[in-house]
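Chemist: Provided herewith is a single structure, encoded as structure tokens, for subsequent inquiry.
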Amino acid sequence: MSEFVRMGGYAAYVWPSFALAAVVLAWNVIAARRLLATARERAQGRAIAGQGAP
Amino acid sequence: MSRTSFSAAAILVFRRDLLLAQRHWGQVAQPLVFFLMVTTLFPLALSPELAELRRIGPGILWVAALLASLLGLELLFRSDHVDGTLEQMLLAGQPLSLLALAKGVAHWTTCGLPLVLLSPFVATGLGVPFGAMATVMLSLALGTGILSALGAIGSALTLGLRRGSLLLGLLVLPLAMPALIFGARAVDLAIHGDSPRGPLLLLTAMLVLAVTLAPPAIAAALRISAE
Amino acid sequence: MNWAWLHKLASPPHAYRIAGNLVPWFAWPAGVLLVLGLYGGLVLAPPDYLQGDAFRIVYVHAPAAWLSMAAYATMAVAAAIGLVWRIKLAHAAAAAAAPIGASFTVLALATGAIWGKPTWGTWWVWDARLTSELILLFLYAGVMALRGSIDDRDRADRASAVLAIVGVVNLPIIHYSVYWWNTLHQPSTLTKIAKPSMAGDMLWPLLTMMLAFTLFFAVVLLVRLRAEILQRERNASWLRMELAR
């Protein structure tokens, strides 16, 4: 297991790379979902007010 | 009622721009002064040794020319937009791409061409040998032409926007990088006594492409920005 | 040829609903393939002859680079469709694709730089691939900056569409000139991040990761597209019905 983590001595390069990938993937998911949620709220508000788009 | 032919309309636009430039020659001079100033920054920042400057001279020359051209681009359509001439052009029966081409050529004549003419003097200051001057001028002539075409697209897209000049640079610089690569390379080859034909031919090809494809894009951008 | 089905598809209510339904169909396979690819790449694949375990970075770098370009292509195609056929949904898709593509471009650059350190000894080299990727980031920045600077949504859509198309036409030119520029100044042994010649055990995880990332892109695009549709929609009655579900 520790051999795996060591990545043949290249751990300092391999793991940060994969961590960055995880961050970017996570950001994409979170940002997109937050965008959709905000859009839903605003659209709901507009629909209730019966006005359509701002 | 006589209808103006397409070519007559284009020539009209071209000559009008030249006339306007003549009246506001201060605006024409600004990019030139900027060109000179940016070039001066490098010896100040690096070294007065001509031998050293010669090594990076092609790069400095080209980057300075690029930035100076950007300066001249912002106003390409702005005055027309402000005084209503742009609307006239949009409504006229002439193909907008042709008029855009005419404006682009006019812009090159008032901005790119002076830069080309000034370049041998500036290049001398960077240690470029006399034998390379023809290449310097030719490559810059082609390069500034390409930049006029690409820059006109950017200028049309950013018409009337706040921070338009900054945005224009952001949009146009990446597109100008290929011209920069080949142009600087051509000058570098010439300095070392090798033939710059390859890069110059590529620059020519890029110019032809730009002159062909840019006008419709400029026309589309103008319609989008002006309505 | 009856294009009614296409126009129906492009109508916001339908697109919104269909996009929502499609998300799980892409999300689950993306997740499974991601796990499979990671396992294959990190555990199963043997270390590279030259680069040892450092080569494993390729399993995130290559998919990221691929996606950075695929997203730009998607954006440009959507932009073109929006401009030519005046379909608002296409513009919405282009707007949705840009930030996703830009984020993967950043990832490609970062992983490329990290990979460069054990390979070449420096944190950055102006090699053709990285430089090309950097210029791509500039192109993304331009499109996104232009869209952000224009308040009128219609004008913003169409202006960034023109720019995206101009960019995509320029991309091969930029790519070629950067490669050419690079071969001039570097000995051929260092022309690019030394891609290990891949076979069998090394290759299938890579393809899996590429596919996983692509499906992931589709998911995020669909979600962002739904948000764009909602932002642009004017018909209150449809909104009321749809959001009550």
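Each chain in the structure tokens gets a letter, A, B and so on, in the order shown; residues start at 1 in every chain, and ligands are counted from 1 in the order they appear.
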Excluding same-chain residues fewer than 5 positions from Met7 (chain A), what lies within 8 Å of it counting only C-alpha atoms, as a list in words?

Modeler: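 So, after excluding close chain neighbours, the residues are Val14 of chain A; Asp53 and Ala54 of chain C.
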
Chemist: Write out as an MDAnalysis selection string all residues of chain A that backbone DSSP assigns to alpha helix (DSSP H).

Modeler: chainID A and resid 2:6 11:49

Chemist: With N, CA and C atoms kept, could you save the residues just selected as a tab-separated table (two decimals), in the first residue's frame?

Modeler:
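Listing of selection.tsv after writing:
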```tsv
chain	number	residue	atom	x	y	z
A	2	SER	N	1.88	1.24	0.85
A	2	SER	CA	2.72	2.44	0.93
A	2	SER	C	3.52	2.59	-0.37
A	3	GLU	N	3.80	1.47	-1.01
A	3	GLU	CA	4.46	1.54	-2.32
A	3	GLU	C	3.57	2.27	-3.31
A	4	PHE	N	2.29	1.95	-3.21
A	4	PHE	CA	1.32	2.59	-4.09
A	4	PHE	C	1.29	4.09	-3.86
A	5	VAL	N	1.25	4.48	-2.59
A	5	VAL	CA	1.19	5.91	-2.27
A	5	VAL	C	2.46	6.61	-2.73
A	6	ARG	N	3.60	5.89	-2.60
A	6	ARG	CA	4.89	6.50	-2.96
A	6	ARG	C	5.00	6.78	-4.45
A	11	ALA	N	5.46	10.65	-5.95
A	11	ALA	CA	4.19	10.97	-5.27
A	11	ALA	C	3.88	12.46	-5.30
A	12	ALA	N	4.93	13.29	-5.14
A	12	ALA	CA	4.73	14.74	-5.08
A	12	ALA	C	4.17	15.30	-6.37
A	13	TYR	N	4.28	14.54	-7.45
A	13	TYR	CA	3.77	15.02	-8.74
A	13	TYR	C	2.44	14.35	-9.09
A	14	VAL	N	2.37	13.06	-8.83
A	14	VAL	CA	1.18	12.32	-9.25
A	14	VAL	C	-0.04	12.71	-8.43
A	15	TRP	N	0.12	12.70	-7.11
A	15	TRP	CA	-1.06	12.92	-6.29
A	15	TRP	C	-1.63	14.34	-6.40
A	16	PRO	N	-0.80	15.37	-6.39
A	16	PRO	CA	-1.36	16.71	-6.63
A	16	PRO	C	-2.09	16.83	-7.97
A	17	SER	N	-1.57	16.15	-8.98
A	17	SER	CA	-2.25	16.20	-10.28
A	17	SER	C	-3.65	15.63	-10.18
A	18	PHE	N	-3.75	14.47	-9.54
A	18	PHE	CA	-5.07	13.86	-9.43
A	18	PHE	C	-5.97	14.67	-8.50
A	19	ALA	N	-5.34	15.26	-7.49
A	19	ALA	CA	-6.13	16.11	-6.58
A	19	ALA	C	-6.69	17.30	-7.34
A	20	LEU	N	-5.85	17.92	-8.18
A	20	LEU	CA	-6.32	19.04	-8.99
A	20	LEU	C	-7.47	18.62	-9.89
A	21	ALA	N	-7.33	17.43	-10.48
A	21	ALA	CA	-8.41	16.94	-11.34
A	21	ALA	C	-9.69	16.81	-10.54
A	22	ALA	N	-9.57	16.28	-9.33
A	22	ALA	CA	-10.75	16.12	-8.47
A	22	ALA	C	-11.36	17.48	-8.17
A	23	VAL	N	-10.50	18.47	-7.91
A	23	VAL	CA	-11.00	19.82	-7.62
A	23	VAL	C	-11.77	20.37	-8.82
A	24	VAL	N	-11.19	20.23	-10.00
A	24	VAL	CA	-11.85	20.78	-11.20
A	24	VAL	C	-13.18	20.06	-11.46
A	25	LEU	N	-13.18	18.75	-11.32
A	25	LEU	CA	-14.43	18.01	-11.52
A	25	LEU	C	-15.46	18.46	-10.49
A	26	ALA	N	-15.01	18.56	-9.23
A	26	ALA	CA	-15.94	18.97	-8.18
A	26	ALA	C	-16.47	20.38	-8.44
A	27	TRP	N	-15.57	21.29	-8.80
A	27	TRP	CA	-16.02	22.65	-9.06
A	27	TRP	C	-17.09	22.67	-10.15
A	28	ASN	N	-16.85	21.92	-11.20
A	28	ASN	CA	-17.81	21.89	-12.30
A	28	ASN	C	-19.18	21.46	-11.81
A	29	VAL	N	-19.20	20.40	-11.01
A	29	VAL	CA	-20.48	19.90	-10.52
A	29	VAL	C	-21.15	20.94	-9.62
A	30	ILE	N	-20.38	21.43	-8.65
A	30	ILE	CA	-20.95	22.37	-7.68
A	30	ILE	C	-21.42	23.65	-8.35
A	31	ALA	N	-20.56	24.21	-9.17
A	31	ALA	CA	-20.91	25.48	-9.81
A	31	ALA	C	-22.14	25.34	-10.69
A	32	ALA	N	-22.20	24.25	-11.44
A	32	ALA	CA	-23.34	24.06	-12.34
A	32	ALA	C	-24.63	23.90	-11.54
A	33	ARG	N	-24.56	23.11	-10.49
A	33	ARG	CA	-25.78	22.88	-9.70
A	33	ARG	C	-26.24	24.16	-9.01
A	34	ARG	N	-25.24	24.93	-8.53
A	34	ARG	CA	-25.62	26.18	-7.87
A	34	ARG	C	-26.26	27.13	-8.88
A	35	LEU	N	-25.71	27.16	-10.06
A	35	LEU	CA	-26.25	28.02	-11.11
A	35	LEU	C	-27.69	27.65	-11.40
A	36	LEU	N	-27.93	26.36	-11.52
A	36	LEU	CA	-29.28	25.89	-11.83
A	36	LEU	C	-30.24	26.23	-10.70
A	37	ALA	N	-29.78	26.03	-9.47
A	37	ALA	CA	-30.64	26.32	-8.32
A	37	ALA	C	-31.01	27.80	-8.29
A	38	THR	N	-30.02	28.66	-8.49
A	38	THR	CA	-30.30	30.10	-8.49
A	38	THR	C	-31.26	30.46	-9.62
A	39	ALA	N	-31.02	29.86	-10.78
A	39	ALA	CA	-31.88	30.16	-11.92
A	39	ALA	C	-33.31	29.72	-11.64
A	40	ARG	N	-33.46	28.57	-11.00
A	40	ARG	CA	-34.79	28.08	-10.65
A	40	ARG	C	-35.50	29.05	-9.72
A	41	GLU	N	-34.76	29.49	-8.68
A	41	GLU	CA	-35.36	30.42	-7.72
A	41	GLU	C	-35.84	31.67	-8.41
A	42	ARG	N	-34.93	32.24	-9.22
A	42	ARG	CA	-35.30	33.49	-9.87
A	42	ARG	C	-36.46	33.29	-10.83
A	43	ALA	N	-36.41	32.18	-11.56
A	43	ALA	CA	-37.49	31.92	-12.51
A	43	ALA	C	-38.80	31.71	-11.78
A	44	GLN	N	-38.73	31.03	-10.64
A	44	GLN	CA	-39.93	30.83	-9.84
A	44	GLN	C	-40.52	32.17	-9.43
A	45	GLY	N	-39.62	33.06	-8.98
A	45	GLY	CA	-40.06	34.38	-8.58
A	45	GLY	C	-40.76	35.10	-9.72
A	46	ARG	N	-40.17	34.98	-10.90
A	46	ARG	CA	-40.76	35.67	-12.05
A	46	ARG	C	-42.09	35.05	-12.42
A	47	ALA	N	-42.16	33.72	-12.33
A	47	ALA	CA	-43.39	33.04	-12.71
A	47	ALA	C	-44.52	33.43	-11.78
A	48	ILE	N	-44.20	33.51	-10.49
A	48	ILE	CA	-45.22	33.88	-9.52
A	48	ILE	C	-45.71	35.30	-9.78
A	49	ALA	N	-44.75	36.17	-10.06
A	49	ALA	CA	-45.13	37.55	-10.33
A	49	ALA	C	-45.83	37.68	-11.67
```

Chemist: Please identify every residue of chain C that has at least one atom no farther than 7 Å from an atom of chain B, counting only C-alpha atoms, and for each give the shortest atom pair and the distance in Å to one decimal, arranged by chain then increasing number, as a tab-separated table.

Modeler:
```
residue	atom	partner	partner_atom	distance
C:Ile135	CA	B:Pro174	CA	6.2
C:Phe138	CA	B:Pro174	CA	6.4
C:Leu139	CA	B:Pro174	CA	6.6
C:Gly142	CA	B:Leu171	CA	5.0
C:Ser149	CA	B:Leu161	CA	7.0
C:Arg155	CA	B:Ile224	CA	6.0
C:Arg158	CA	B:Ile224	CA	6.7
C:Ala159	CA	B:Leu157	CA	6.0
C:Val162	CA	B:Ala221	CA	6.9
C:Asn170	CA	B:Leu175	CA	6.7
C:Ile173	CA	B:Pro178	CA	6.9
C:Ile174	CA	B:Pro178	CA	5.5
C:Ser177	CA	B:Pro178	CA	5.5
C:Trp181	CA	B:Ile181	CA	6.7
```

Chemist: Could you write out the selected residues, including C-alpha atoms, as a PDB file, in the first residue's frame?

Modeler:
```pdb
ATOM      1  CA  ILE C 135      -3.303  30.206 -26.163  1.00  0.00           C
ATOM      2  CA  PHE C 138      -6.642  33.038 -23.937  1.00  0.00           C
ATOM      3  CA  LEU C 139      -9.258  32.322 -26.572  1.00  0.00           C
ATOM      4  CA  GLY C 142     -11.707  36.372 -24.806  1.00  0.00           C
ATOM      5  CA  SER C 149     -19.032  42.884 -21.201  1.00  0.00           C
ATOM      6  CA  ARG C 155     -25.952  41.032 -28.672  1.00  0.00           C
ATOM      7  CA  ARG C 158     -24.190  36.835 -31.265  1.00  0.00           C
ATOM      8  CA  ALA C 159     -20.952  38.732 -30.628  1.00  0.00           C
ATOM      9  CA  VAL C 162     -18.725  35.426 -34.067  1.00  0.00           C
ATOM     10  CA  ASN C 170      -7.710  30.283 -36.175  1.00  0.00           C
ATOM     11  CA  ILE C 173      -3.293  28.020 -37.695  1.00  0.00           C
ATOM     12  CA  ILE C 174      -2.245  28.734 -34.136  1.00  0.00           C
ATOM     13  CA  SER C 177       2.576  27.787 -36.021  1.00  0.00           C
ATOM     14  CA  TRP C 181       8.003  27.525 -33.682  1.00  0.00           C
TER      15      TRP C 181
END
```

Chemist: Identify every residue of chain C that has at least one atom within 6 Å of any atom of chain A, counting only C-alpha atoms, and report the result as a JSON list (two decimals) with N, CA and C atoms, in the first residue's frame.

Modeler:
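That gives us selection-v1.json:
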```json
[["chain", "number", "residue", "atom", "x", "y", "z"],
["C", 53, "ASP", "N", 6.46, 5.94, -12.41],
["C", 53, "ASP", "CA", 5.06, 6.16, -12.08],
["C", 53, "ASP", "C", 4.61, 7.58, -12.44],
["C", 54, "ALA", "N", 5.55, 8.44, -12.79],
["C", 54, "ALA", "CA", 5.17, 9.82, -13.11],
["C", 54, "ALA", "C", 4.25, 9.86, -14.32],
["C", 57, "ILE", "N", 0.28, 10.63, -14.64],
["C", 57, "ILE", "CA", -0.39, 11.93, -14.74],
["C", 57, "ILE", "C", -1.16, 12.01, -16.06],
["C", 111, "THR", "N", -1.69, 20.28, -14.88],
["C", 111, "THR", "CA", -1.14, 18.92, -14.85],
["C", 111, "THR", "C", 0.03, 18.80, -15.83],
["C", 224, "ARG", "N", -25.83, 23.12, -16.91],
["C", 224, "ARG", "CA", -25.67, 24.55, -17.19],
["C", 224, "ARG", "C", -26.66, 25.02, -18.26],
["C", 227, "ALA", "N", -29.88, 25.79, -16.72],
["C", 227, "ALA", "CA", -29.83, 27.08, -16.02],
["C", 227, "ALA", "C", -29.96, 28.22, -17.03],
["C", 230, "LEU", "N", -33.53, 28.65, -18.22],
["C", 230, "LEU", "CA", -34.37, 29.34, -17.23],
["C", 230, "LEU", "C", -34.08, 30.83, -17.21],
["C", 231, "GLN", "N", -32.81, 31.17, -17.31],
["C", 231, "GLN", "CA", -32.46, 32.59, -17.26],
["C", 231, "GLN", "C", -33.04, 33.35, -18.44],
["C", 233, "GLU", "N", -35.79, 32.59, -20.23],
["C", 233, "GLU", "CA", -37.17, 32.31, -20.62],
["C", 233, "GLU", "C", -38.10, 33.45, -20.27],
["C", 234, "ARG", "N", -38.97, 33.77, -21.17],
["C", 234, "ARG", "CA", -39.90, 34.87, -20.96],
["C", 234, "ARG", "C", -41.33, 34.43, -20.69],
["C", 235, "ASN", "N", -41.63, 33.21, -21.05],
["C", 235, "ASN", "CA", -43.02, 32.77, -20.96],
["C", 235, "ASN", "C", -43.33, 32.31, -19.54],
["C", 236, "ALA", "N", -44.04, 33.14, -18.81],
["C", 236, "ALA", "CA", -44.27, 32.85, -17.39],
["C", 236, "ALA", "C", -45.08, 31.58, -17.19],
["C", 239, "LEU", "N", -43.08, 28.47, -17.26],
["C", 239, "LEU", "CA", -42.23, 28.40, -16.08],
["C", 239, "LEU", "C", -43.02, 27.88, -14.88],
["C", 240, "ARG", "N", -44.19, 28.46, -14.70],
["C", 240, "ARG", "CA", -44.99, 28.09, -13.55],
["C", 240, "ARG", "C", -45.30, 26.61, -13.57]]
```

Chemist: I'd like the neighbourhood of Gly93 (chain B) as a list in words, where a residue qualifies if any of its atoms comes within 10 Å (using only C-alpha atoms), though same-chain residues fewer than 3 positions away should be ignored.

Modeler: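 In the requested form, the answer reads Arg3, Thr4, Ser5, Phe6, Ala9, Gln88, Met89, Leu90 and Leu96 of chain B.
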
Chemist: With only C-alpha atoms as the counted atoms, please give the residues lying no more than 9 Å from Ala79 (chain C), apart from itself and same-chain residues fewer than 4 positions off, as a PyMOL selection string.

Modeler: chain C and resi 74-75+83-84+90-95+157-158+160-162+164-165

Chemist: Would you kindly return, as a PyMOL selection string, each protein, DNA or RNA residue with an atom no farther than 9 Å from any atom of Ala73 (chain C), considering only C-alpha atoms and excluding same-chain residues fewer than 5 positions away?

Modeler: chain C and resi 68+78+164+168

Chemist: Take the selection from the previous step and output its residues with C-alpha atoms, as a PDB file, in the first residue's frame.

Modeler:
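For reference, selection.pdb as written:
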```pdb
ATOM      1  CA  SER C  68     -10.467  21.595 -23.500  1.00  0.00           C
ATOM      2  CA  ALA C  78     -23.350  25.664 -31.155  1.00  0.00           C
ATOM      3  CA  ALA C 164     -15.927  31.724 -31.121  1.00  0.00           C
ATOM      4  CA  VAL C 168     -12.051  27.996 -34.127  1.00  0.00           C
TER       5      VAL C 168
END
```

Chemist: Pick out the residues sitting within 9 Å of region 42-45 of chain B, and hand them over as a compact mmCIF listing (two decimals) with C-alpha atoms, in the first residue's frame; count only C-alpha atoms, and ignore anything fewer than 4 positions along from it in its own chain.

Modeler:
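Output contents, as saved in selection26.txt:
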```txt
# COMPACT_ATOMS: atom_id res chain seq x y z
CA VAL B 38 7.95 50.61 -26.52
CA GLU B 49 24.76 46.66 -26.17
CA LEU B 50 23.69 46.37 -29.79
CA LEU B 53 19.78 43.68 -28.63
CA ILE B 60 11.09 43.42 -29.75
CA LEU B 126 18.09 47.48 -32.16
```

Chemist: What is the CA of Trp62 (chain B)-CA of Leu137 (chain C) distance in Å, reported with one decimal?

Modeler: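 Pair CA of Trp62 (chain B) / CA of Leu137 (chain C) returns 22.5 Å.
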
Chemist: Report, in Å to a single decimal, how far apart CA of Val219 (chain C) and CA of Ala102 (chain C) are.

Modeler: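 For CA of Ala102 (chain C) relative to CA of Val219 (chain C), the distance reads 16.0 Å.
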
Chemist: Neighbouring residues of Phe216 (chain C) were defined as those with any atom within 9 Å, considering only C-alpha atoms; residues of the same chain fewer than 3 positions away were excluded. Please report them as a PyMOL selection string.

Modeler: (chain A and resi 25) or (chain C and resi 26-27+29-31+211-213+219-221)
